[in-house]
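> Let me give you the structure first, and then I'll get to my questions.
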Amino acid sequence: MSSKQLNMVQAINSTLDMLMKEDDSIILLGEDIGKDGGVFRVTEGLQAKYGAERVMDTPLVELGIVGMAIGMALAGLKPVPEIQFQDFIFTAFDQIVNQAAKMRYRSGGEYNVPMVLRTPYGGGIRGGLYHSQSGEAYFAHTAGLTVLSPSNPYDAKGLLISAMKSKDPVIFLEPKKLYRSIKSDVPDEKYSIPLGKAALVHEGNGMTFVTYGSMVPTVVNTVVKHSIDADVIDLRTIMPYDGETILNSVKKTGKLIIVHEAPRTLGMGAEISAFISERAVDYLQAPILRVCGPDIPFPYKLEEYYMPNEERILKAINRVQEFR
Amino acid sequence: MDEKELFVKAYKAMALSRALDRKIVMAQRQGRVGFYTPTIGQEALQIGLSMALEKEDVVYQYYRDVPFMLHRGVPPAAIIDQIMGNSSDVEKGRQMPSHYSSKQHNFMSIQSPVATNLPPATGAAYAIKYRKKNNIVVTTFGDGSSSTPDFHAAMNLAAVYELPVVFLCENNKWAISLPIEKQTKVEIWKKADAYGMKGVKVDGNDLFSMYEIAKIEIERVRKEKKPVLIEAVSYRIGPHSTSDDPNKYRTAEITDGSEKDPMTIAEKKMIEHNYLTAEEIEKIKSDAKENIEKIFDEREKLPAPGTDTLFTDVYEKSNWIIDEEKEEIL
Ligand SMILES: Cc1ncc(C[n+]2csc(CCOP(=O)(O)OP(=O)(O)O)c2C)c(N)n1
Ligand SMILES: [Mg+2]
């Protein structure tokens, strides 16, 4: 089995290429994705290969990009809209929440919207307020959407392949901080990672970490560096999240720390914390802790203070270890 | 179908639609229906356009398009089923009244946020063009909806990509309580020019003019694969919805059965063209009324959908979260 060392940009690019080659119903559309290959180069070379009709440089209108993709999906195509930065998705929010997400339910199952909306999200590139946001909770809060976030190139490929098979709308959140910072061995062949299944990326008995996307390497590195005896769960699918894997791990360790970049209040950490309180409170040996972005707009110059880091994760580790 | 048959079919749909509209409004007052957005006054423009369409054409309609749907073959029973949200409703009672859907007749599913059907309509037209098919897409909306960002986005995209879309603006001069003069400072059809597409205005109260223009424009859209904006000027004879009292903000310009009522105009012309006699018209109207009474009483007896429908169709396959919540509630 042949494979290549790829970064996430390359993994997504080659996966799109592979899928487009075999399925002419796949259409990519977005701002500057064609000739220019996208501002992060994720779609580099695809327009040259598949033409401007299949890799569309659209006018500058997010609600139009998503709205159009919805109509394409309803007409039997498989659109992959790109929103250049997740921060610019809000004018298209209505199309996502009120059209795409509700179409199957409201039509009694007669219509559905198979669309994979890709968008880079999160901080770490000094993008300030409008090029750094993590809005996964907005989408996870909407019935009808599936929300994914890969944390490495291998998963990016496997999750994208699964997303493309989905008959319902998928929000594919790409942690831009990790686009080029890590490489993994990516098989050339097609493989898929099941939706709704988390990965146990580090094993231990002392405590459980739940995280996803850009924070996975930060958590794993901290745990490895300080020889922490911990399970680290990478959700991969944010909605519907893998409750079973989290529950089993917490029952084993009795301690839970959730780490995400998005603001703490009503983020995924709040949901997972409630989930565990509801069904494993008697297993808990320490308070459930959250290490998250603060509830402030994402800053520019002092970005490092916003992103959860080794120091803040260690503090949480100490707190659960010392609790009695 | 020759011209006479075409117009007789159209008039029958108008009469059926008017009878259905009156019945539902009445039933709402009697507490038998929860809510409804009357279509009275907009029959001619919708049916005039529908007459020029093919079966394969796709419609991204809005909540006032019952006449359009009836003309294209959606049975009145299906409309009533949706309004009652009963066990026969294709939508399984999930949407409030006036949000119809009928895949069988190429009608898409209606949403509440106005004009958000327009951008998807352009996507559907893109798919048609990409697959080199010959059908077209029609999307409808009110005058108020022309102020939305979705209208702008869709018009621009349809023009840029040269898509076979008919944008039908049903200008009934009111958006709930806001008159058209306060909605926009430009006639709606003229906005097409700003996007580089054709715009036309037509008397939407006249079935015959509406069909004439629709036929020309639809043929052109089909052949040239380019969009058009048709502004059909009409009047909302009824209230915005059964929850609205228009006496608070306007005096009626056109009333049910008056000279300017599109039904009256159509009847006059049907007689002039020797398509129907006055007696035949009366018969069509009384038959429609009787028919609707019967169907309504029948559909009203149908039970609510089973509670097992509550938790399905959120996704193709359910997930543990929904399963668990279902278990808890049912
Ligand atoms: C985005 C949005 N805002 C507000 C409403 C509430 N609303 C429903 S219909 C309507 C007026 C629509 O007027 P128009 O587009 O002229 O259509 P008409 O009802 O006159 O046929 C409003 C404000 C809505 N449905 N959607
Ligand atoms: Mg109006």
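Numbering starts fresh at 1 for the residues of each chain in the structure tokens, the chains themselves are lettered A, B, ... in the order given, and ligands are numbered from 1 as they appear.
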What residues in chain A have any atom no more than 6 Å from chain B when counting only C-alpha atoms, and can you write them as a list in words?
Gly64, Gly67, Met68, Ala69, Ile70, Gly71, Met72, Ala75, Arg104, Tyr105, Arg106, Ser107, Gly108, Gly109 and Gly144 of chain A
> For the residues in that selection, give me N, CA and C atoms as a PDB file, in the first residue's frame.

ATOM      1  N   GLY A  64     -25.046  33.686  -1.306  1.00  0.00           N
ATOM      2  CA  GLY A  64     -25.269  33.206  -2.671  1.00  0.00           C
ATOM      3  C   GLY A  64     -24.520  31.911  -2.934  1.00  0.00           C
ATOM      4  N   GLY A  67     -26.419  29.339  -0.878  1.00  0.00           N
ATOM      5  CA  GLY A  67     -27.766  29.177  -1.440  1.00  0.00           C
ATOM      6  C   GLY A  67     -27.726  28.442  -2.767  1.00  0.00           C
ATOM      7  N   MET A  68     -26.777  28.812  -3.588  1.00  0.00           N
ATOM      8  CA  MET A  68     -26.633  28.165  -4.883  1.00  0.00           C
ATOM      9  C   MET A  68     -26.271  26.690  -4.708  1.00  0.00           C
ATOM     10  N   ALA A  69     -25.368  26.427  -3.780  1.00  0.00           N
ATOM     11  CA  ALA A  69     -24.965  25.039  -3.518  1.00  0.00           C
ATOM     12  C   ALA A  69     -26.178  24.213  -3.079  1.00  0.00           C
ATOM     13  N   ILE A  70     -27.043  24.805  -2.290  1.00  0.00           N
ATOM     14  CA  ILE A  70     -28.245  24.092  -1.833  1.00  0.00           C
ATOM     15  C   ILE A  70     -29.118  23.709  -3.036  1.00  0.00           C
ATOM     16  N   GLY A  71     -29.298  24.655  -3.943  1.00  0.00           N
ATOM     17  CA  GLY A  71     -30.095  24.363  -5.141  1.00  0.00           C
ATOM     18  C   GLY A  71     -29.453  23.294  -6.013  1.00  0.00           C
ATOM     19  N   MET A  72     -28.127  23.330  -6.104  1.00  0.00           N
ATOM     20  CA  MET A  72     -27.421  22.297  -6.874  1.00  0.00           C
ATOM     21  C   MET A  72     -27.652  20.926  -6.243  1.00  0.00           C
ATOM     22  N   ALA A  75     -30.890  19.529  -6.883  1.00  0.00           N
ATOM     23  CA  ALA A  75     -31.045  19.127  -8.283  1.00  0.00           C
ATOM     24  C   ALA A  75     -30.165  17.934  -8.634  1.00  0.00           C
ATOM     25  N   ARG A 104     -34.786  18.278   4.746  1.00  0.00           N
ATOM     26  CA  ARG A 104     -35.278  16.903   4.789  1.00  0.00           C
ATOM     27  C   ARG A 104     -36.496  16.805   5.719  1.00  0.00           C
ATOM     28  N   TYR A 105     -36.382  17.418   6.872  1.00  0.00           N
ATOM     29  CA  TYR A 105     -37.465  17.319   7.864  1.00  0.00           C
ATOM     30  C   TYR A 105     -38.727  18.005   7.359  1.00  0.00           C
ATOM     31  N   ARG A 106     -38.557  19.223   6.862  1.00  0.00           N
ATOM     32  CA  ARG A 106     -39.747  20.001   6.533  1.00  0.00           C
ATOM     33  C   ARG A 106     -40.465  19.484   5.294  1.00  0.00           C
ATOM     34  N   SER A 107     -39.750  18.757   4.431  1.00  0.00           N
ATOM     35  CA  SER A 107     -40.412  18.227   3.238  1.00  0.00           C
ATOM     36  C   SER A 107     -40.877  16.790   3.465  1.00  0.00           C
ATOM     37  N   GLY A 108     -40.868  16.364   4.699  1.00  0.00           N
ATOM     38  CA  GLY A 108     -41.307  15.008   5.002  1.00  0.00           C
ATOM     39  C   GLY A 108     -40.401  13.952   4.400  1.00  0.00           C
ATOM     40  N   GLY A 109     -39.144  14.345   4.156  1.00  0.00           N
ATOM     41  CA  GLY A 109     -38.181  13.392   3.603  1.00  0.00           C
ATOM     42  C   GLY A 109     -38.146  13.362   2.085  1.00  0.00           C
ATOM     43  N   GLY A 144     -29.970  18.703  12.000  1.00  0.00           N
ATOM     44  CA  GLY A 144     -29.915  18.521  10.546  1.00  0.00           C
ATOM     45  C   GLY A 144     -28.523  18.683   9.985  1.00  0.00           C
TER      46      GLY A 144
END
> As a VMD selection string, please: all residues of stretch 52-214 of chain B that backbone DSSP puts in helix (DSSP H, G or I).
chain B and resid 66 to 71 76 to 84 103 to 105 118 to 130 144 to 147 149 to 160 180 to 183 188 to 195 207 to 214
> Can you work out which residues are within 6 Å of ligand 2, considering only C-alpha atoms and all ligand atoms, and then hand them over as a ChimeraX atom specification?
/B:142-144,171-175
> Record the distance separating atom CA of B:Pro97 and atom CA of B:Gly85, expressed in Å with one decimal.
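Here the two named atoms are 7.5 Å from each other.
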> May I ask for the distance between atom CA of A:Leu16 and atom CA of A:Glu44, given in Å to one decimal place?
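Pair atom CA of A:Leu16 / atom CA of A:Glu44 returns 10.5 Å.
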> Write out as JSON lines a residue-level contact list of chain A versus ligand 1 with cut-off 12 Å: for each qualifying residue the closest pair of atoms and the distance in Å to one decimal, counting only C-alpha atoms and all ligand atoms, rows sorted by chain and residue number upward.

{"residue": "A:Asp94", "atom": "CA", "partner": "ligand 1", "partner_atom_place_in_ligand_line": "1 (C)", "distance": 8.9}
{"residue": "A:Gln95", "atom": "CA", "partner": "ligand 1", "partner_atom_place_in_ligand_line": "1 (C)", "distance": 11.0}
{"residue": "A:Asn98", "atom": "CA", "partner": "ligand 1", "partner_atom_place_in_ligand_line": "1 (C)", "distance": 10.5}
> Considering only strand (DSSP E or B) as DSSP defines it on the backbone, what residues of stretch 49-191 of chain A qualify? List them as a short mmCIF file (atom, residue, chain, number, x, y, z; two decimals) with N, CA and C atoms, in the first residue's frame.

data_model
loop_
_atom_site.label_atom_id
_atom_site.label_comp_id
_atom_site.auth_asym_id
_atom_site.auth_seq_id
_atom_site.Cartn_x
_atom_site.Cartn_y
_atom_site.Cartn_z
N VAL A 55 -15.12 24.12 -11.04
CA VAL A 55 -14.41 24.80 -9.95
C VAL A 55 -14.67 26.29 -10.18
N MET A 56 -15.73 26.76 -9.53
CA MET A 56 -16.28 28.07 -9.87
C MET A 56 -15.71 29.19 -9.01
N ASP A 57 -15.17 30.19 -9.66
CA ASP A 57 -14.80 31.43 -8.97
C ASP A 57 -16.05 32.27 -8.88
N LYS A 78 -23.45 17.36 -6.42
CA LYS A 78 -22.81 17.21 -5.11
C LYS A 78 -21.90 18.42 -4.91
N PRO A 79 -22.45 19.52 -4.47
CA PRO A 79 -21.65 20.74 -4.35
C PRO A 79 -20.76 20.76 -3.10
N VAL A 80 -19.61 21.39 -3.27
CA VAL A 80 -18.68 21.60 -2.16
C VAL A 80 -18.39 23.10 -2.09
N PRO A 81 -19.25 23.87 -1.43
CA PRO A 81 -18.99 25.30 -1.31
C PRO A 81 -17.85 25.55 -0.34
N GLU A 82 -17.05 26.55 -0.63
CA GLU A 82 -16.01 26.98 0.32
C GLU A 82 -16.33 28.38 0.79
N VAL A 116 -21.24 19.50 1.07
CA VAL A 116 -20.15 19.56 2.05
C VAL A 116 -19.58 20.97 2.03
N LEU A 117 -19.89 21.72 3.08
CA LEU A 117 -19.42 23.10 3.15
C LEU A 117 -18.08 23.12 3.88
N ARG A 118 -17.02 23.50 3.15
CA ARG A 118 -15.69 23.55 3.74
C ARG A 118 -15.37 24.97 4.17
N THR A 119 -14.75 25.10 5.32
CA THR A 119 -14.32 26.45 5.69
C THR A 119 -13.21 26.39 6.74
N PRO A 120 -12.14 27.19 6.52
CA PRO A 120 -11.09 27.26 7.53
C PRO A 120 -11.56 28.04 8.75
N TYR A 121 -11.18 27.55 9.93
CA TYR A 121 -11.63 28.23 11.15
C TYR A 121 -10.50 28.26 12.17
N THR A 146 -24.34 18.03 10.18
CA THR A 146 -23.27 17.21 10.73
C THR A 146 -22.04 18.10 10.73
N VAL A 147 -21.33 18.15 11.86
CA VAL A 147 -20.20 19.07 11.98
C VAL A 147 -18.92 18.29 12.23
N LEU A 148 -17.94 18.49 11.37
CA LEU A 148 -16.68 17.75 11.48
C LEU A 148 -15.51 18.70 11.63
N VAL A 170 -23.11 18.78 5.48
CA VAL A 170 -21.99 18.62 6.40
C VAL A 170 -21.21 19.93 6.47
N ILE A 171 -20.89 20.37 7.68
CA ILE A 171 -20.04 21.54 7.86
C ILE A 171 -18.65 20.98 8.17
N PHE A 172 -17.71 21.22 7.27
CA PHE A 172 -16.37 20.65 7.39
C PHE A 172 -15.41 21.77 7.80
N LEU A 173 -15.08 21.77 9.09
CA LEU A 173 -14.29 22.87 9.64
C LEU A 173 -12.81 22.51 9.61
N GLU A 174 -12.04 23.29 8.87
CA GLU A 174 -10.62 23.00 8.71
C GLU A 174 -9.80 23.91 9.62
N PRO A 175 -9.09 23.33 10.60
CA PRO A 175 -8.30 24.16 11.51
C PRO A 175 -7.11 24.77 10.77
N SER A 184 1.25 14.00 8.00
CA SER A 184 1.11 12.59 8.38
C SER A 184 1.17 11.72 7.15
N ASP A 185 1.29 10.44 7.40
CA ASP A 185 1.36 9.47 6.33
C ASP A 185 -0.06 9.27 5.81
N VAL A 186 -0.28 9.63 4.56
CA VAL A 186 -1.63 9.54 4.01
C VAL A 186 -1.63 8.51 2.87
N PRO A 187 -2.35 7.42 3.05
CA PRO A 187 -2.41 6.41 1.98
C PRO A 187 -2.96 7.01 0.68
#
> In Å, rounded to a single decimal, give me how far atom CA of B:Thr148 is from atom CA of B:Phe167.
14.0 Å
> Using only C-alpha atoms, determine which residues lie at most 9 Å from A:Asp282, disregarding the query and same-chain residues fewer than 3 positions distant; provide the list as a count of residues only.
5
> Determine the nearest neighbour of B:Glu54 from the options B:Leu20, B:Ile136, B:Ile83, B:Met197, counting only C-alpha atoms.
B:Ile136
> My list of candidates is A:Val39, A:Ile296, A:Leu178, A:Leu235. Which is closest to A:Arg264 when distances are computed with only C-alpha atoms?
A:Ile296
> Could you pull the residues within 9 Å of B:Ala44, counting only C-alpha atoms, minus those fewer than 2 positions along the same chain, as a list in words?
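The filter keeps Ala10, Tyr11, Met14, Gly41, Gln42, Gln46, Ile47, Gly48, Leu49, Pro67, Gly204, Asn205, Asp206, Leu207, Phe208, Met210, Tyr211, Ser234, Pro262, Met263 and Ala266 of chain B.
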> So, with only C-alpha atoms as the atoms that count, which of A:Glu189, A:Glu110, A:Glu53, A:Asp242 lies closest to A:Ser14?
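Closest to A:Ser14, using only C-alpha atoms: A:Glu189.
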